[in-house]
Amino acid sequence: MFGDLYSKVSLRFLAQYPTSQSVLAMSEENVTANIQRLVGHVASNRWSLERSQKLMAAAERNPFRETAFPSHLISLELFINLLLQYQEHLAKLDKSIEALAEELLEYDLIQSIPGIGTKIAATILAEIGEIDRFDHAKKLVAFAGIDPSVFSSGKFTATRNTITKRGSRRLRTALYQAVRCGLRSSRNKKIRAYYDKKRAEGKPFKVAVIACVNKLIHWIYAILTKKEPFRVD
């Protein structure tokens, strides 16, 4: 109904209306007003009205309108409060991480690559650490687990190889997200051109994306070692 089951709006609405019966006990106007109060000025009254109508229709269809055990409602309330507290703590941690990252020159340099935002940049820097640890871009590729694994036995060598997936999983995930962001709406024209080239060569989607991740790592290595921003042209 709200797009994200674990959003603050979803959780707070569920805390207020934990059962279908509690939803149906209210008028459509009251439910709409409560939704609007939770979302504030982010959404229009029409959006809130549509959500209230969908919620009330779903409550009508639900054959289990009340819970048989009141203790379940107490547990639900406790879990919702815990989730909201965790979200608040995570938000504070994100701000602290960004504040620390902003003190680093490399933080701005990495964000010069289209598709890399604040959180992805902070994750990449945290996982890589000192770039001097890697004397070649290929070692950084291996650290991210993007290097291909070659299976061979005796005289046999596999013709199809997968990436090793060793090293930092968080770094690998952040790089993958950066590539996907760069490809979206062709935000990163260089990565888009490289992706299109690989696809034109007949490479499957996943293989083409991994190739882009490999290319991105080489760019990041060059940026961090040379202390120069990414050149878009």
# chains A, B, ... in the order shown; residues from 1 in each chain; ligands from 1
>>> residues_around(residues="Ile217 of chain A", least_positions_apart="5", cutoff="10 Å", atoms="only C-alpha atoms", output="list in words")
Ala137, Lys138, Leu140, Val141, Ala144, Ile146, Arg172, Leu175, Ala211, Cys212, Ala222 and Ile223 of chain A
>>> select_by_dssp(residues="segment 14-176 of chain A", states="helix (DSSP H, G or I)", output="JSON list (two decimals) with N, CA and C atoms, in the first residue's frame")
[["chain", "number", "residue", "atom", "x", "y", "z"],
["A", 14, "LEU", "N", 0.51, 0.63, 10.92],
["A", 14, "LEU", "CA", 0.22, -0.70, 11.44],
["A", 14, "LEU", "C", 0.09, -0.68, 12.96],
["A", 15, "ALA", "N", 0.89, 0.15, 13.62],
["A", 15, "ALA", "CA", 0.79, 0.27, 15.07],
["A", 15, "ALA", "C", -0.55, 0.86, 15.48],
["A", 16, "GLN", "N", -1.05, 1.76, 14.64],
["A", 16, "GLN", "CA", -2.33, 2.41, 14.94],
["A", 16, "GLN", "C", -3.52, 1.53, 14.57],
["A", 20, "SER", "N", -7.69, -5.79, 10.80],
["A", 20, "SER", "CA", -8.66, -5.34, 9.80],
["A", 20, "SER", "C", -9.86, -4.68, 10.47],
["A", 21, "GLN", "N", -10.26, -5.22, 11.61],
["A", 21, "GLN", "CA", -11.41, -4.67, 12.32],
["A", 21, "GLN", "C", -11.15, -3.24, 12.77],
["A", 22, "SER", "N", -9.92, -2.96, 13.19],
["A", 22, "SER", "CA", -9.59, -1.61, 13.63],
["A", 22, "SER", "C", -9.63, -0.62, 12.47],
["A", 23, "VAL", "N", -9.33, -1.11, 11.26],
["A", 23, "VAL", "CA", -9.42, -0.25, 10.07],
["A", 23, "VAL", "C", -10.88, 0.02, 9.73],
["A", 24, "LEU", "N", -11.68, -1.04, 9.75],
["A", 24, "LEU", "CA", -13.10, -0.92, 9.37],
["A", 24, "LEU", "C", -13.91, -0.16, 10.41],
["A", 28, "GLU", "N", -13.79, 6.31, 6.26],
["A", 28, "GLU", "CA", -12.79, 6.53, 5.20],
["A", 28, "GLU", "C", -12.11, 7.88, 5.39],
["A", 29, "GLU", "N", -12.88, 8.88, 5.83],
["A", 29, "GLU", "CA", -12.32, 10.22, 6.04],
["A", 29, "GLU", "C", -11.26, 10.20, 7.14],
["A", 30, "ASN", "N", -11.54, 9.47, 8.22],
["A", 30, "ASN", "CA", -10.59, 9.41, 9.34],
["A", 30, "ASN", "C", -9.31, 8.67, 8.95],
["A", 31, "VAL", "N", -9.47, 7.57, 8.22],
["A", 31, "VAL", "CA", -8.30, 6.81, 7.78],
["A", 31, "VAL", "C", -7.45, 7.67, 6.85],
["A", 32, "THR", "N", -8.11, 8.38, 5.93],
["A", 32, "THR", "CA", -7.40, 9.26, 5.00],
["A", 32, "THR", "C", -6.66, 10.36, 5.75],
["A", 33, "ALA", "N", -7.32, 10.94, 6.73],
["A", 33, "ALA", "CA", -6.70, 12.02, 7.52],
["A", 33, "ALA", "C", -5.49, 11.51, 8.29],
["A", 34, "ASN", "N", -5.58, 10.30, 8.83],
["A", 34, "ASN", "CA", -4.45, 9.73, 9.58],
["A", 34, "ASN", "C", -3.27, 9.43, 8.66],
["A", 35, "ILE", "N", -3.56, 8.92, 7.46],
["A", 35, "ILE", "CA", -2.49, 8.67, 6.50],
["A", 35, "ILE", "C", -1.81, 9.98, 6.11],
["A", 36, "GLN", "N", -2.62, 10.99, 5.86],
["A", 36, "GLN", "CA", -2.07, 12.30, 5.48],
["A", 36, "GLN", "C", -1.22, 12.87, 6.59],
["A", 37, "ARG", "N", -1.63, 12.65, 7.83],
["A", 37, "ARG", "CA", -0.86, 13.15, 8.97],
["A", 37, "ARG", "C", 0.49, 12.43, 9.06],
["A", 38, "LEU", "N", 0.50, 11.14, 8.75],
["A", 38, "LEU", "CA", 1.74, 10.37, 8.83],
["A", 38, "LEU", "C", 2.73, 10.75, 7.74],
["A", 39, "VAL", "N", 2.22, 11.00, 6.53],
["A", 39, "VAL", "CA", 3.12, 11.31, 5.41],
["A", 39, "VAL", "C", 3.45, 12.79, 5.34],
["A", 40, "GLY", "N", 2.63, 13.63, 5.98],
["A", 40, "GLY", "CA", 2.88, 15.06, 5.96],
["A", 40, "GLY", "C", 2.63, 15.66, 4.58],
["A", 41, "HIS", "N", 3.50, 16.58, 4.19],
["A", 41, "HIS", "CA", 3.33, 17.27, 2.91],
["A", 41, "HIS", "C", 3.99, 16.52, 1.74],
["A", 42, "VAL", "N", 4.52, 15.33, 2.03],
["A", 42, "VAL", "CA", 5.20, 14.57, 0.98],
["A", 42, "VAL", "C", 4.22, 14.08, -0.08],
["A", 45, "ASN", "N", -3.47, 14.85, -0.91],
["A", 45, "ASN", "CA", -4.68, 14.30, -0.28],
["A", 45, "ASN", "C", -5.26, 13.18, -1.14],
["A", 46, "ARG", "N", -5.14, 13.33, -2.45],
["A", 46, "ARG", "CA", -5.66, 12.30, -3.35],
["A", 46, "ARG", "C", -4.91, 10.99, -3.15],
["A", 47, "TRP", "N", -3.59, 11.07, -2.99],
["A", 47, "TRP", "CA", -2.78, 9.87, -2.74],
["A", 47, "TRP", "C", -3.21, 9.20, -1.45],
["A", 48, "SER", "N", -3.43, 9.99, -0.41],
["A", 48, "SER", "CA", -3.86, 9.44, 0.88],
["A", 48, "SER", "C", -5.23, 8.80, 0.78],
["A", 49, "LEU", "N", -6.13, 9.43, 0.02],
["A", 49, "LEU", "CA", -7.47, 8.88, -0.17],
["A", 49, "LEU", "C", -7.42, 7.54, -0.89],
["A", 50, "GLU", "N", -6.58, 7.45, -1.93],
["A", 50, "GLU", "CA", -6.46, 6.19, -2.67],
["A", 50, "GLU", "C", -5.93, 5.08, -1.78],
["A", 51, "ARG", "N", -4.96, 5.42, -0.91],
["A", 51, "ARG", "CA", -4.40, 4.41, -0.01],
["A", 51, "ARG", "C", -5.45, 3.96, 1.02],
["A", 52, "SER", "N", -6.21, 4.90, 1.52],
["A", 52, "SER", "CA", -7.23, 4.53, 2.51],
["A", 52, "SER", "C", -8.30, 3.63, 1.89],
["A", 53, "GLN", "N", -8.67, 3.91, 0.65],
["A", 53, "GLN", "CA", -9.67, 3.08, -0.03],
["A", 53, "GLN", "C", -9.15, 1.67, -0.27],
["A", 54, "LYS", "N", -7.87, 1.56, -0.65],
["A", 54, "LYS", "CA", -7.28, 0.24, -0.86],
["A", 54, "LYS", "C", -7.17, -0.53, 0.45],
["A", 55, "LEU", "N", -6.80, 0.18, 1.51],
["A", 55, "LEU", "CA", -6.67, -0.48, 2.82],
["A", 55, "LEU", "C", -8.02, -0.99, 3.32],
["A", 56, "MET", "N", -9.04, -0.18, 3.16],
["A", 56, "MET", "CA", -10.36, -0.58, 3.64],
["A", 56, "MET", "C", -10.93, -1.72, 2.80],
["A", 57, "ALA", "N", -10.62, -1.71, 1.51],
["A", 57, "ALA", "CA", -11.07, -2.81, 0.65],
["A", 57, "ALA", "C", -10.35, -4.10, 1.02],
["A", 58, "ALA", "N", -9.06, -4.01, 1.33],
["A", 58, "ALA", "CA", -8.30, -5.19, 1.74],
["A", 58, "ALA", "C", -8.80, -5.71, 3.08],
["A", 59, "ALA", "N", -9.15, -4.78, 3.98],
["A", 59, "ALA", "CA", -9.68, -5.19, 5.29],
["A", 59, "ALA", "C", -11.02, -5.90, 5.14],
["A", 60, "GLU", "N", -11.82, -5.45, 4.19],
["A", 60, "GLU", "CA", -13.12, -6.10, 3.93],
["A", 60, "GLU", "C", -12.93, -7.52, 3.43],
["A", 61, "ARG", "N", -11.89, -7.75, 2.63],
["A", 61, "ARG", "CA", -11.66, -9.07, 2.05],
["A", 61, "ARG", "C", -11.02, -10.04, 3.04],
["A", 70, "PRO", "N", -4.76, -11.68, 22.15],
["A", 70, "PRO", "CA", -4.35, -10.29, 22.40],
["A", 70, "PRO", "C", -2.84, -10.13, 22.57],
["A", 71, "SER", "N", -2.18, -11.21, 23.03],
["A", 71, "SER", "CA", -0.73, -11.14, 23.22],
["A", 71, "SER", "C", 0.00, -10.89, 21.90],
["A", 72, "HIS", "N", -0.62, -11.32, 20.79],
["A", 72, "HIS", "CA", -0.01, -11.09, 19.48],
["A", 72, "HIS", "C", 0.07, -9.59, 19.18],
["A", 73, "LEU", "N", -0.94, -8.85, 19.61],
["A", 73, "LEU", "CA", -0.94, -7.40, 19.38],
["A", 73, "LEU", "C", 0.15, -6.72, 20.20],
["A", 74, "ILE", "N", 0.37, -7.23, 21.41],
["A", 74, "ILE", "CA", 1.43, -6.68, 22.25],
["A", 74, "ILE", "C", 2.80, -6.93, 21.61],
["A", 75, "SER", "N", 2.99, -8.16, 21.12],
["A", 75, "SER", "CA", 4.25, -8.51, 20.45],
["A", 75, "SER", "C", 4.46, -7.67, 19.21],
["A", 76, "LEU", "N", 3.38, -7.47, 18.45],
["A", 76, "LEU", "CA", 3.47, -6.67, 17.23],
["A", 76, "LEU", "C", 3.89, -5.24, 17.55],
["A", 77, "GLU", "N", 3.31, -4.68, 18.59],
["A", 77, "GLU", "CA", 3.65, -3.31, 18.99],
["A", 77, "GLU", "C", 5.12, -3.21, 19.40],
["A", 78, "LEU", "N", 5.59, -4.22, 20.13],
["A", 78, "LEU", "CA", 7.00, -4.24, 20.55],
["A", 78, "LEU", "C", 7.94, -4.31, 19.35],
["A", 79, "PHE", "N", 7.62, -5.18, 18.40],
["A", 79, "PHE", "CA", 8.46, -5.33, 17.21],
["A", 79, "PHE", "C", 8.48, -4.04, 16.38],
["A", 80, "ILE", "N", 7.33, -3.40, 16.26],
["A", 80, "ILE", "CA", 7.26, -2.16, 15.50],
["A", 80, "ILE", "C", 8.12, -1.08, 16.15],
["A", 81, "ASN", "N", 8.04, -0.97, 17.46],
["A", 81, "ASN", "CA", 8.85, 0.03, 18.18],
["A", 81, "ASN", "C", 10.34, -0.26, 18.03],
["A", 82, "LEU", "N", 10.70, -1.55, 18.06],
["A", 82, "LEU", "CA", 12.11, -1.92, 17.87],
["A", 82, "LEU", "C", 12.60, -1.53, 16.48],
["A", 83, "LEU", "N", 11.78, -1.81, 15.47],
["A", 83, "LEU", "CA", 12.16, -1.47, 14.10],
["A", 83, "LEU", "C", 12.33, 0.03, 13.93],
["A", 84, "LEU", "N", 11.43, 0.80, 14.50],
["A", 84, "LEU", "CA", 11.52, 2.26, 14.40],
["A", 84, "LEU", "C", 12.77, 2.78, 15.10],
["A", 85, "GLN", "N", 13.11, 2.17, 16.24],
["A", 85, "GLN", "CA", 14.33, 2.57, 16.95],
["A", 85, "GLN", "C", 15.58, 2.22, 16.16],
["A", 86, "TYR", "N", 15.59, 1.02, 15.56],
["A", 86, "TYR", "CA", 16.73, 0.61, 14.73],
["A", 86, "TYR", "C", 16.90, 1.57, 13.55],
["A", 87, "GLN", "N", 15.80, 1.93, 12.93],
["A", 87, "GLN", "CA", 15.87, 2.85, 11.80],
["A", 87, "GLN", "C", 16.44, 4.20, 12.21],
["A", 88, "GLU", "N", 16.06, 4.65, 13.39],
["A", 88, "GLU", "CA", 16.57, 5.93, 13.90],
["A", 88, "GLU", "C", 18.07, 5.84, 14.16],
["A", 89, "HIS", "N", 18.50, 4.73, 14.76],
["A", 89, "HIS", "CA", 19.93, 4.54, 15.04],
["A", 89, "HIS", "C", 20.73, 4.44, 13.74],
["A", 90, "LEU", "N", 20.19, 3.72, 12.75],
["A", 90, "LEU", "CA", 20.87, 3.59, 11.47],
["A", 90, "LEU", "C", 21.00, 4.93, 10.76],
["A", 91, "ALA", "N", 19.96, 5.75, 10.87],
["A", 91, "ALA", "CA", 20.00, 7.08, 10.26],
["A", 91, "ALA", "C", 21.10, 7.93, 10.89],
["A", 92, "LYS", "N", 21.26, 7.82, 12.21],
["A", 92, "LYS", "CA", 22.32, 8.56, 12.90],
["A", 92, "LYS", "C", 23.70, 8.05, 12.48],
["A", 93, "LEU", "N", 23.82, 6.73, 12.32],
["A", 93, "LEU", "CA", 25.09, 6.16, 11.89],
["A", 93, "LEU", "C", 25.44, 6.62, 10.48],
["A", 94, "ASP", "N", 24.45, 6.66, 9.60],
["A", 94, "ASP", "CA", 24.68, 7.12, 8.23],
["A", 94, "ASP", "C", 25.21, 8.55, 8.22],
["A", 95, "LYS", "N", 24.63, 9.39, 9.06],
["A", 95, "LYS", "CA", 25.07, 10.79, 9.13],
["A", 95, "LYS", "C", 26.51, 10.88, 9.65],
["A", 96, "SER", "N", 26.83, 10.04, 10.64],
["A", 96, "SER", "CA", 28.19, 10.04, 11.19],
["A", 96, "SER", "C", 29.20, 9.57, 10.15],
["A", 97, "ILE", "N", 28.82, 8.53, 9.40],
["A", 97, "ILE", "CA", 29.71, 8.00, 8.36],
["A", 97, "ILE", "C", 29.95, 9.05, 7.29],
["A", 98, "GLU", "N", 28.89, 9.73, 6.87],
["A", 98, "GLU", "CA", 29.02, 10.75, 5.84],
["A", 98, "GLU", "C", 29.87, 11.92, 6.33],
["A", 99, "ALA", "N", 29.71, 12.28, 7.61],
["A", 99, "ALA", "CA", 30.50, 13.38, 8.17],
["A", 99, "ALA", "C", 31.98, 13.04, 8.18],
["A", 100, "LEU", "N", 32.31, 11.80, 8.54],
["A", 100, "LEU", "CA", 33.71, 11.36, 8.54],
["A", 100, "LEU", "C", 34.26, 11.28, 7.12],
["A", 101, "ALA", "N", 33.43, 10.78, 6.20],
["A", 101, "ALA", "CA", 33.88, 10.62, 4.82],
["A", 101, "ALA", "C", 34.14, 11.97, 4.15],
["A", 105, "LEU", "N", 39.63, 13.61, 0.96],
["A", 105, "LEU", "CA", 39.68, 14.09, -0.42],
["A", 105, "LEU", "C", 39.11, 13.05, -1.37],
["A", 106, "GLU", "N", 39.40, 11.79, -1.08],
["A", 106, "GLU", "CA", 38.97, 10.70, -1.96],
["A", 106, "GLU", "C", 37.44, 10.60, -2.04],
["A", 107, "TYR", "N", 36.77, 11.06, -1.02],
["A", 107, "TYR", "CA", 35.30, 10.99, -0.98],
["A", 107, "TYR", "C", 34.69, 11.79, -2.13],
["A", 108, "ASP", "N", 35.20, 12.99, -2.35],
["A", 108, "ASP", "CA", 34.70, 13.82, -3.46],
["A", 108, "ASP", "C", 35.20, 13.29, -4.80],
["A", 109, "LEU", "N", 36.42, 12.77, -4.82],
["A", 109, "LEU", "CA", 36.97, 12.27, -6.07],
["A", 109, "LEU", "C", 36.15, 11.11, -6.62],
["A", 110, "ILE", "N", 35.79, 10.18, -5.75],
["A", 110, "ILE", "CA", 35.01, 9.02, -6.20],
["A", 110, "ILE", "C", 33.63, 9.43, -6.69],
["A", 118, "THR", "N", 26.72, 9.45, -2.20],
["A", 118, "THR", "CA", 27.40, 9.57, -0.90],
["A", 118, "THR", "C", 27.57, 8.22, -0.20],
["A", 119, "LYS", "N", 26.49, 7.43, -0.14],
["A", 119, "LYS", "CA", 26.56, 6.16, 0.59],
["A", 119, "LYS", "C", 27.46, 5.15, -0.11],
["A", 120, "ILE", "N", 27.34, 5.08, -1.44],
["A", 120, "ILE", "CA", 28.18, 4.14, -2.18],
["A", 120, "ILE", "C", 29.64, 4.55, -2.08],
["A", 121, "ALA", "N", 29.90, 5.85, -2.16],
["A", 121, "ALA", "CA", 31.28, 6.34, -2.05],
["A", 121, "ALA", "C", 31.88, 6.00, -0.69],
["A", 122, "ALA", "N", 31.10, 6.21, 0.36],
["A", 122, "ALA", "CA", 31.58, 5.90, 1.71],
["A", 122, "ALA", "C", 31.86, 4.41, 1.87],
["A", 123, "THR", "N", 30.99, 3.59, 1.31],
["A", 123, "THR", "CA", 31.18, 2.13, 1.40],
["A", 123, "THR", "C", 32.44, 1.69, 0.66],
["A", 124, "ILE", "N", 32.63, 2.23, -0.54],
["A", 124, "ILE", "CA", 33.80, 1.86, -1.34],
["A", 124, "ILE", "C", 35.09, 2.24, -0.61],
["A", 125, "LEU", "N", 35.14, 3.45, -0.08],
["A", 125, "LEU", "CA", 36.35, 3.90, 0.61],
["A", 125, "LEU", "C", 36.60, 3.09, 1.88],
["A", 126, "ALA", "N", 35.53, 2.77, 2.60],
["A", 126, "ALA", "CA", 35.68, 2.00, 3.84],
["A", 126, "ALA", "C", 36.21, 0.60, 3.55],
["A", 127, "GLU", "N", 35.76, 0.01, 2.46],
["A", 127, "GLU", "CA", 36.17, -1.36, 2.13],
["A", 127, "GLU", "C", 37.58, -1.40, 1.52],
["A", 128, "ILE", "N", 37.91, -0.41, 0.71],
["A", 128, "ILE", "CA", 39.24, -0.40, 0.08],
["A", 128, "ILE", "C", 40.32, -0.02, 1.09],
["A", 131, "ILE", "N", 44.62, 2.90, -0.60],
["A", 131, "ILE", "CA", 44.81, 2.39, -1.96],
["A", 131, "ILE", "C", 46.23, 1.90, -2.18],
["A", 132, "ASP", "N", 47.17, 2.37, -1.35],
["A", 132, "ASP", "CA", 48.57, 1.95, -1.47],
["A", 132, "ASP", "C", 48.75, 0.46, -1.19],
["A", 133, "ARG", "N", 47.73, -0.17, -0.62],
["A", 133, "ARG", "CA", 47.81, -1.61, -0.36],
["A", 133, "ARG", "C", 47.83, -2.41, -1.66],
["A", 137, "ALA", "N", 45.81, -2.33, -10.39],
["A", 137, "ALA", "CA", 44.34, -2.36, -10.42],
["A", 137, "ALA", "C", 43.81, -3.79, -10.38],
["A", 138, "LYS", "N", 44.56, -4.73, -10.96],
["A", 138, "LYS", "CA", 44.11, -6.12, -10.97],
["A", 138, "LYS", "C", 44.01, -6.70, -9.56],
["A", 139, "LYS", "N", 44.86, -6.22, -8.66],
["A", 139, "LYS", "CA", 44.80, -6.70, -7.28],
["A", 139, "LYS", "C", 43.56, -6.16, -6.57],
["A", 140, "LEU", "N", 43.16, -4.96, -6.95],
["A", 140, "LEU", "CA", 41.92, -4.41, -6.41],
["A", 140, "LEU", "C", 40.72, -5.17, -6.96],
["A", 141, "VAL", "N", 40.81, -5.55, -8.23],
["A", 141, "VAL", "CA", 39.76, -6.37, -8.85],
["A", 141, "VAL", "C", 39.63, -7.70, -8.10],
["A", 142, "ALA", "N", 40.77, -8.31, -7.79],
["A", 142, "ALA", "CA", 40.77, -9.58, -7.06],
["A", 142, "ALA", "C", 40.21, -9.40, -5.65],
["A", 143, "PHE", "N", 40.55, -8.27, -5.02],
["A", 143, "PHE", "CA", 40.06, -8.00, -3.67],
["A", 143, "PHE", "C", 38.54, -7.88, -3.65],
["A", 144, "ALA", "N", 37.98, -7.35, -4.74],
["A", 144, "ALA", "CA", 36.53, -7.22, -4.84],
["A", 144, "ALA", "C", 35.87, -8.53, -5.26],
["A", 169, "ARG", "N", 32.61, -8.69, 0.06],
["A", 169, "ARG", "CA", 31.27, -8.78, -0.52],
["A", 169, "ARG", "C", 30.60, -7.40, -0.54],
["A", 170, "ARG", "N", 30.83, -6.61, 0.51],
["A", 170, "ARG", "CA", 30.23, -5.27, 0.57],
["A", 170, "ARG", "C", 30.76, -4.38, -0.54],
["A", 171, "LEU", "N", 32.05, -4.49, -0.82],
["A", 171, "LEU", "CA", 32.63, -3.71, -1.91],
["A", 171, "LEU", "C", 32.03, -4.14, -3.24],
["A", 172, "ARG", "N", 31.91, -5.42, -3.43],
["A", 172, "ARG", "CA", 31.35, -5.96, -4.68],
["A", 172, "ARG", "C", 29.90, -5.47, -4.87],
["A", 173, "THR", "N", 29.14, -5.47, -3.80],
["A", 173, "THR", "CA", 27.75, -5.01, -3.87],
["A", 173, "THR", "C", 27.68, -3.52, -4.19],
["A", 174, "ALA", "N", 28.54, -2.74, -3.54],
["A", 174, "ALA", "CA", 28.54, -1.29, -3.77],
["A", 174, "ALA", "C", 28.92, -0.96, -5.22],
["A", 175, "LEU", "N", 29.88, -1.69, -5.75],
["A", 175, "LEU", "CA", 30.31, -1.47, -7.14],
["A", 175, "LEU", "C", 29.20, -1.85, -8.11],
["A", 176, "TYR", "N", 28.52, -2.94, -7.81],
["A", 176, "TYR", "CA", 27.41, -3.38, -8.66],
["A", 176, "TYR", "C", 26.30, -2.33, -8.65]]
>>> atom_distance(atom1="atom CA of Lys189 of chain A", atom2="atom CA of Leu216 of chain A")
12.5 Å
>>> select_by_dssp(residues="chain A", states="strand (DSSP E or B)", output="list in words")
Pro148, Ser149, Ser152, Ser153, Phe156, Thr157, Thr162 and Ile163 of chain A
>>> atom_distance(atom1="atom CA of Ala193 of chain A", atom2="atom CA of Pro114 of chain A")
13.4 Å
>>> atom_distance(atom1="atom CA of Glu228 of chain A", atom2="atom CA of Ile113 of chain A")
11.2 Å
>>> closest_residue(among="A:Val9, A:Ile220, A:Ala43, A:Val232", to="His136 of chain A", atoms="only C-alpha atoms")
A:Ile220
>>> closest_residue(among="A:Glu201, A:Phe64, A:Arg166, A:Ser112", to="Gly182 of chain A", atoms="only C-alpha atoms")
A:Ser112
